[in-house]
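Novice: First the structure, then my questions, so here it is.
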Amino acid sequence: MKKLWEQFGDNISFVLVCLAVAAALIAAAKIAEHFLPERRKVSPAKRVAVIGVCSAIATVLHMLDFPLLFLAPGFYKLDFSELPVMLCGFYLGPSATIVCEFVKILLKLLLKGTSTAFIGDFANFVVGCSLVLPASIIYHIRKTKTTALVGLAAGTLCLTVFGSLFNAVYLLPAFAKFYGMPMEAIIGAGNAINSGITGVSSFVLLAVAPLNLIKGFAISLLTMLLYKRVARPLFGK
């Protein structure tokens, strides 16, 4: 009974952390929008439609994730689901990125469920927001190609640094606790790929950070190549 209550307490704690992080991200987006120049006038119906379409595309891309086994263990996977979220944020603004990212995760859970005790889904949401939120905020300061590049570079930096620290401080210990995979086994899986991985710090530095950097660069490159090309068919711009 004691173990059951401990498990219940851990689950409640995880849910509260998820809600607190989501609330903080929404608050950050809303505060940023308050200080940004006036955004494009979009009707509520069109806003919902754009977020819905981008979320649906993002969900499909999220379910097409794949591992980079030469870099990180198979439970770390790369996907390009932040691309439509980024396009949505560039068009509608920072808060739309949070909503789009959340709906993407919700749809994925409804369609596919979770294979990581929800830790991987929470990680994808938070780390994804660390890429798209800074990029969309900076782009909306002044909508030029230069600010788009600066925003994407800043987003990639945030993704790499924050994503790595978040893994080290919270996600890896949470994964070990809720998924039932001891930390030694996680580090061992990393060591089997790269002998330089001997602890949490080296795991994050040599596996997580490069994976996040590759993802940020790929999403940034695709955004620059596609945004103007898809603006008319996707947004009616």
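In the structure tokens, chains take letters A, B, ... by order of appearance, with residues numbered from 1 within each chain and ligands from 1 in the order shown.
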Within 8 Å of A:Ile51, counting only C-alpha atoms, which residues show up once you throw out same-chain ones fewer than 2 positions away? Write them as a PyMOL selection string, please.
Specialist: chain A and resi 47-49+53-55+88+96+99-100
Novice: Keeping N, CA and C atoms, export the residues of the selection given above as a PDB file, in the first residue's frame.
Specialist:
ATOM      1  N   ARG A  47      -7.893  31.561 -37.524  1.00  0.00           N
ATOM      2  CA  ARG A  47      -6.831  31.215 -36.581  1.00  0.00           C
ATOM      3  C   ARG A  47      -6.958  29.762 -36.138  1.00  0.00           C
ATOM      4  N   VAL A  48      -8.172  29.367 -35.798  1.00  0.00           N
ATOM      5  CA  VAL A  48      -8.413  27.973 -35.389  1.00  0.00           C
ATOM      6  C   VAL A  48      -8.097  27.012 -36.534  1.00  0.00           C
ATOM      7  N   ALA A  49      -8.504  27.404 -37.753  1.00  0.00           N
ATOM      8  CA  ALA A  49      -8.272  26.534 -38.910  1.00  0.00           C
ATOM      9  C   ALA A  49      -6.780  26.349 -39.177  1.00  0.00           C
ATOM     10  N   VAL A  53      -4.791  22.806 -38.939  1.00  0.00           N
ATOM     11  CA  VAL A  53      -4.084  22.203 -40.077  1.00  0.00           C
ATOM     12  C   VAL A  53      -2.618  21.954 -39.722  1.00  0.00           C
ATOM     13  N   CYS A  54      -1.988  22.964 -39.132  1.00  0.00           N
ATOM     14  CA  CYS A  54      -0.563  22.826 -38.775  1.00  0.00           C
ATOM     15  C   CYS A  54      -0.361  21.749 -37.712  1.00  0.00           C
ATOM     16  N   SER A  55      -1.286  21.662 -36.753  1.00  0.00           N
ATOM     17  CA  SER A  55      -1.195  20.627 -35.713  1.00  0.00           C
ATOM     18  C   SER A  55      -1.338  19.233 -36.314  1.00  0.00           C
ATOM     19  N   CYS A  88       3.418  28.000 -38.421  1.00  0.00           N
ATOM     20  CA  CYS A  88       2.230  28.542 -37.768  1.00  0.00           C
ATOM     21  C   CYS A  88       2.601  29.738 -36.891  1.00  0.00           C
ATOM     22  N   ALA A  96       0.421  31.042 -30.651  1.00  0.00           N
ATOM     23  CA  ALA A  96      -0.055  29.990 -31.553  1.00  0.00           C
ATOM     24  C   ALA A  96       0.893  28.801 -31.559  1.00  0.00           C
ATOM     25  N   VAL A  99      -0.001  26.560 -28.522  1.00  0.00           N
ATOM     26  CA  VAL A  99      -1.254  25.830 -28.761  1.00  0.00           C
ATOM     27  C   VAL A  99      -1.035  24.716 -29.781  1.00  0.00           C
ATOM     28  N   CYS A 100      -0.353  25.050 -30.871  1.00  0.00           N
ATOM     29  CA  CYS A 100      -0.098  24.083 -31.936  1.00  0.00           C
ATOM     30  C   CYS A 100       0.737  22.905 -31.418  1.00  0.00           C
TER      31      CYS A 100
END
Novice: List the neighbours of stretch 135-145 of chain A out to 6 Å using only C-alpha atoms; skip same-chain residues closer than 2 positions along the sequence, and give me the result as a PyMOL selection string.
Specialist: chain A and resi 36+89-90+94+132-133+147-148+151-152+155
Novice: Please indicate the distance in Å from atom CA of A:Lys177 to atom CA of A:Val208, rounded to one decimal place.
Specialist: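 If I compute the distance from atom CA of A:Lys177 to atom CA of A:Val208, I get 19.0 Å.
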Novice: Take atom CA of A:Leu109 and atom CA of A:Leu71 and report the distance between them in Å, one decimal.
Specialist: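 Taking atom CA of A:Leu109 as the start and atom CA of A:Leu71 as the end point, the length is 26.4 Å.
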Novice: Distance atom CA of A:Met183-atom CA of A:Leu159, one decimal place?
Specialist: 23.1 Å
Novice: Among the residues of stretch 52-119 of chain A, find those DSSP assigns to helix (DSSP H, G or I) from the backbone and print them as a ChimeraX atom specification.
Specialist: /A:52-63,82-92,94-112,119
Novice: Mind writing the picked residues with N, CA and C atoms as a compact mmCIF listing (two decimals), in the first residue's frame?
Specialist:
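New file result21.txt:
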# COMPACT_ATOMS: atom_id res chain seq x y z
N GLY A 52 -5.25 24.23 -36.50
CA GLY A 52 -5.69 22.85 -36.69
C GLY A 52 -4.94 22.14 -37.80
N VAL A 53 -4.79 22.81 -38.94
CA VAL A 53 -4.08 22.20 -40.08
C VAL A 53 -2.62 21.95 -39.72
N CYS A 54 -1.99 22.96 -39.13
CA CYS A 54 -0.56 22.83 -38.77
C CYS A 54 -0.36 21.75 -37.71
N SER A 55 -1.29 21.66 -36.75
CA SER A 55 -1.19 20.63 -35.71
C SER A 55 -1.34 19.23 -36.31
N ALA A 56 -2.26 19.09 -37.26
CA ALA A 56 -2.47 17.79 -37.90
C ALA A 56 -1.23 17.35 -38.67
N ILE A 57 -0.64 18.28 -39.43
CA ILE A 57 0.59 17.96 -40.17
C ILE A 57 1.72 17.62 -39.19
N ALA A 58 1.81 18.41 -38.12
CA ALA A 58 2.85 18.16 -37.11
C ALA A 58 2.69 16.80 -36.46
N THR A 59 1.45 16.39 -36.22
CA THR A 59 1.19 15.07 -35.62
C THR A 59 1.69 13.95 -36.51
N VAL A 60 1.41 14.05 -37.80
CA VAL A 60 1.88 13.03 -38.75
C VAL A 60 3.41 12.98 -38.76
N LEU A 61 4.04 14.14 -38.81
CA LEU A 61 5.51 14.19 -38.82
C LEU A 61 6.08 13.66 -37.51
N HIS A 62 5.38 13.93 -36.41
CA HIS A 62 5.84 13.45 -35.11
C HIS A 62 5.81 11.92 -35.05
N MET A 63 4.80 11.32 -35.64
CA MET A 63 4.69 9.86 -35.62
C MET A 63 5.65 9.19 -36.60
N GLU A 82 8.26 20.05 -35.56
CA GLU A 82 8.31 21.48 -35.24
C GLU A 82 8.27 22.37 -36.48
N LEU A 83 8.44 21.80 -37.67
CA LEU A 83 8.39 22.61 -38.89
C LEU A 83 7.03 23.28 -39.09
N PRO A 84 5.91 22.52 -39.14
CA PRO A 84 4.62 23.20 -39.28
C PRO A 84 4.28 24.09 -38.08
N VAL A 85 4.76 23.72 -36.89
CA VAL A 85 4.54 24.57 -35.71
C VAL A 85 5.27 25.91 -35.90
N MET A 86 6.47 25.85 -36.42
CA MET A 86 7.24 27.07 -36.68
C MET A 86 6.56 27.93 -37.74
N LEU A 87 6.08 27.31 -38.79
CA LEU A 87 5.38 28.06 -39.84
C LEU A 87 4.14 28.73 -39.27
N CYS A 88 3.42 28.00 -38.42
CA CYS A 88 2.23 28.54 -37.77
C CYS A 88 2.60 29.74 -36.89
N GLY A 89 3.70 29.63 -36.14
CA GLY A 89 4.13 30.72 -35.27
C GLY A 89 4.59 31.94 -36.05
N PHE A 90 5.26 31.73 -37.16
CA PHE A 90 5.69 32.85 -37.99
C PHE A 90 4.48 33.60 -38.55
N TYR A 91 3.39 32.88 -38.81
CA TYR A 91 2.20 33.51 -39.37
C TYR A 91 1.32 34.14 -38.29
N LEU A 92 1.07 33.42 -37.20
CA LEU A 92 0.10 33.86 -36.20
C LEU A 92 0.70 34.47 -34.94
N PRO A 94 3.60 34.08 -31.32
CA PRO A 94 4.15 33.15 -30.32
C PRO A 94 3.13 32.24 -29.64
N SER A 95 1.99 32.79 -29.22
CA SER A 95 1.04 31.95 -28.48
C SER A 95 0.50 30.81 -29.34
N ALA A 96 0.42 31.04 -30.65
CA ALA A 96 -0.06 29.99 -31.55
C ALA A 96 0.89 28.80 -31.56
N THR A 97 2.19 29.05 -31.34
CA THR A 97 3.14 27.94 -31.33
C THR A 97 2.90 27.01 -30.15
N ILE A 98 2.55 27.60 -28.99
CA ILE A 98 2.30 26.78 -27.80
C ILE A 98 1.06 25.93 -28.01
N VAL A 99 0.00 26.56 -28.52
CA VAL A 99 -1.25 25.83 -28.76
C VAL A 99 -1.04 24.72 -29.78
N CYS A 100 -0.35 25.05 -30.87
CA CYS A 100 -0.10 24.08 -31.94
C CYS A 100 0.74 22.91 -31.42
N GLU A 101 1.75 23.22 -30.63
CA GLU A 101 2.61 22.17 -30.06
C GLU A 101 1.82 21.28 -29.11
N PHE A 102 0.96 21.88 -28.31
CA PHE A 102 0.14 21.11 -27.37
C PHE A 102 -0.85 20.20 -28.10
N VAL A 103 -1.53 20.75 -29.10
CA VAL A 103 -2.51 19.96 -29.86
C VAL A 103 -1.81 18.81 -30.58
N LYS A 104 -0.61 19.06 -31.08
CA LYS A 104 0.17 18.00 -31.73
C LYS A 104 0.40 16.82 -30.78
N ILE A 105 0.83 17.11 -29.57
CA ILE A 105 1.08 16.05 -28.59
C ILE A 105 -0.22 15.34 -28.22
N LEU A 106 -1.28 16.12 -28.04
CA LEU A 106 -2.57 15.53 -27.68
C LEU A 106 -3.07 14.58 -28.77
N LEU A 107 -2.97 15.01 -30.02
CA LEU A 107 -3.41 14.16 -31.14
C LEU A 107 -2.56 12.90 -31.24
N LYS A 108 -1.26 13.05 -31.04
CA LYS A 108 -0.37 11.89 -31.10
C LYS A 108 -0.72 10.87 -30.02
N LEU A 109 -1.02 11.35 -28.81
CA LEU A 109 -1.39 10.45 -27.72
C LEU A 109 -2.71 9.75 -28.01
N LEU A 110 -3.66 10.48 -28.61
CA LEU A 110 -4.95 9.88 -28.95
C LEU A 110 -4.82 8.82 -30.04
N LEU A 111 -3.92 9.07 -31.00
CA LEU A 111 -3.79 8.16 -32.14
C LEU A 111 -2.84 7.00 -31.88
N LYS A 112 -1.79 7.26 -31.12
CA LYS A 112 -0.72 6.27 -30.98
C LYS A 112 -0.44 5.87 -29.54
N ILE A 119 6.84 10.53 -20.52
CA ILE A 119 8.03 11.38 -20.35
C ILE A 119 8.50 11.91 -21.71
Novice: So which one's closest to A:Ser13, A:Asn212, A:Leu206, A:Ser195, A:Phe178? Using only C-alpha atoms, please.
Specialist: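 Nearest candidate to A:Ser13 out of A:Asn212, A:Leu206, A:Ser195, A:Phe178: A:Phe178.
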Novice: Choose the residue, out of A:Val42, A:Ile186, A:Val21, A:Val204, that has the smallest atom-to-atom separation from A:Phe125; count only C-alpha atoms.
Specialist: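 Residue with the minimum atom-to-atom distance to A:Phe125: A:Val21.
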Novice: So which bits of stretch 6-236 of chain A end up strand (DSSP E or B) when you DSSP the backbone, as a VMD selection string?
Specialist: chain A and resid 66 to 67 77 to 78
Novice: Go ahead and write the selection's residues with N, CA and C atoms as a CSV table (one decimal), in the first residue's frame.
Specialist:
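Result file follows (selection-v5.csv):
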chain,number,residue,atom,x,y,z
A,66,PHE,N,12.3,9.0,-36.0
A,66,PHE,CA,13.3,7.9,-36.3
A,66,PHE,C,14.6,8.2,-35.4
A,67,PRO,N,15.2,7.1,-35.0
A,67,PRO,CA,16.4,7.3,-34.2
A,67,PRO,C,17.7,7.6,-35.0
A,77,LYS,N,14.7,10.1,-30.4
A,77,LYS,CA,14.3,10.0,-31.8
A,77,LYS,C,14.2,11.4,-32.3
A,78,LEU,N,14.5,11.5,-33.6
A,78,LEU,CA,14.5,12.8,-34.3
A,78,LEU,C,13.2,12.9,-35.2
Novice: Which residue gives the smallest distance to A:Cys158 among A:His34, A:Lys41, A:Lys215, A:Arg232, with only C-alpha atoms counted?
Specialist: A:Lys215
Novice: Report as number ranges by chain all protein, DNA and RNA residues lying within 10 Å of A:Phe203, evaluated on only C-alpha atoms, omitting residues in the same chain fewer than 3 positions from it.
Specialist: A: 72, 164, 167-168, 186-191, 194, 196-200, 206-209
Novice: Store the residues picked out above in a file with N, CA and C atoms, as a short mmCIF file (atom, residue, chain, number, x, y, z; two decimals), in the first residue's frame.
Specialist:
data_model
loop_
_atom_site.label_atom_id
_atom_site.label_comp_id
_atom_site.auth_asym_id
_atom_site.auth_seq_id
_atom_site.Cartn_x
_atom_site.Cartn_y
_atom_site.Cartn_z
N ALA A 72 22.82 8.57 -30.59
CA ALA A 72 22.13 8.44 -29.31
C ALA A 72 21.34 7.13 -29.27
N SER A 164 19.30 20.30 -23.41
CA SER A 164 20.34 19.48 -22.77
C SER A 164 20.26 19.58 -21.25
N ASN A 167 17.17 17.83 -19.88
CA ASN A 167 17.39 16.39 -19.86
C ASN A 167 18.19 15.98 -18.64
N ALA A 168 19.27 16.70 -18.39
CA ALA A 168 20.16 16.33 -17.29
C ALA A 168 19.49 16.49 -15.93
N ILE A 186 20.64 3.51 -18.85
CA ILE A 186 20.58 4.61 -19.82
C ILE A 186 21.99 5.03 -20.22
N ILE A 187 22.83 5.22 -19.21
CA ILE A 187 24.22 5.61 -19.49
C ILE A 187 24.93 4.50 -20.26
N GLY A 188 24.64 3.25 -19.91
CA GLY A 188 25.26 2.12 -20.60
C GLY A 188 24.86 2.07 -22.07
N ALA A 189 23.60 2.41 -22.36
CA ALA A 189 23.16 2.44 -23.76
C ALA A 189 23.90 3.53 -24.53
N GLY A 190 24.17 4.63 -23.86
CA GLY A 190 24.95 5.69 -24.51
C GLY A 190 26.40 5.30 -24.69
N ASN A 191 26.95 4.62 -23.68
CA ASN A 191 28.34 4.19 -23.74
C ASN A 191 28.58 3.16 -24.84
N ASN A 194 29.00 5.54 -27.81
CA ASN A 194 30.15 6.44 -27.68
C ASN A 194 30.83 6.14 -26.36
N GLY A 196 32.94 7.64 -24.84
CA GLY A 196 33.17 8.83 -24.02
C GLY A 196 32.04 9.11 -23.05
N ILE A 197 30.89 8.46 -23.24
CA ILE A 197 29.73 8.66 -22.36
C ILE A 197 29.88 7.76 -21.13
N THR A 198 30.11 8.40 -19.99
CA THR A 198 30.32 7.65 -18.75
C THR A 198 29.42 8.12 -17.62
N GLY A 199 28.65 9.16 -17.85
CA GLY A 199 27.76 9.69 -16.82
C GLY A 199 26.70 10.58 -17.45
N VAL A 200 25.89 11.19 -16.61
CA VAL A 200 24.81 12.04 -17.11
C VAL A 200 25.34 13.22 -17.91
N LEU A 206 27.38 14.62 -25.26
CA LEU A 206 27.79 13.89 -26.46
C LEU A 206 26.65 13.25 -27.24
N ALA A 207 25.47 13.14 -26.63
CA ALA A 207 24.33 12.51 -27.32
C ALA A 207 23.16 13.46 -27.49
N VAL A 208 22.69 14.05 -26.39
CA VAL A 208 21.48 14.89 -26.44
C VAL A 208 21.73 16.21 -27.16
N ALA A 209 22.81 16.89 -26.78
CA ALA A 209 23.08 18.21 -27.38
C ALA A 209 23.28 18.13 -28.90
#
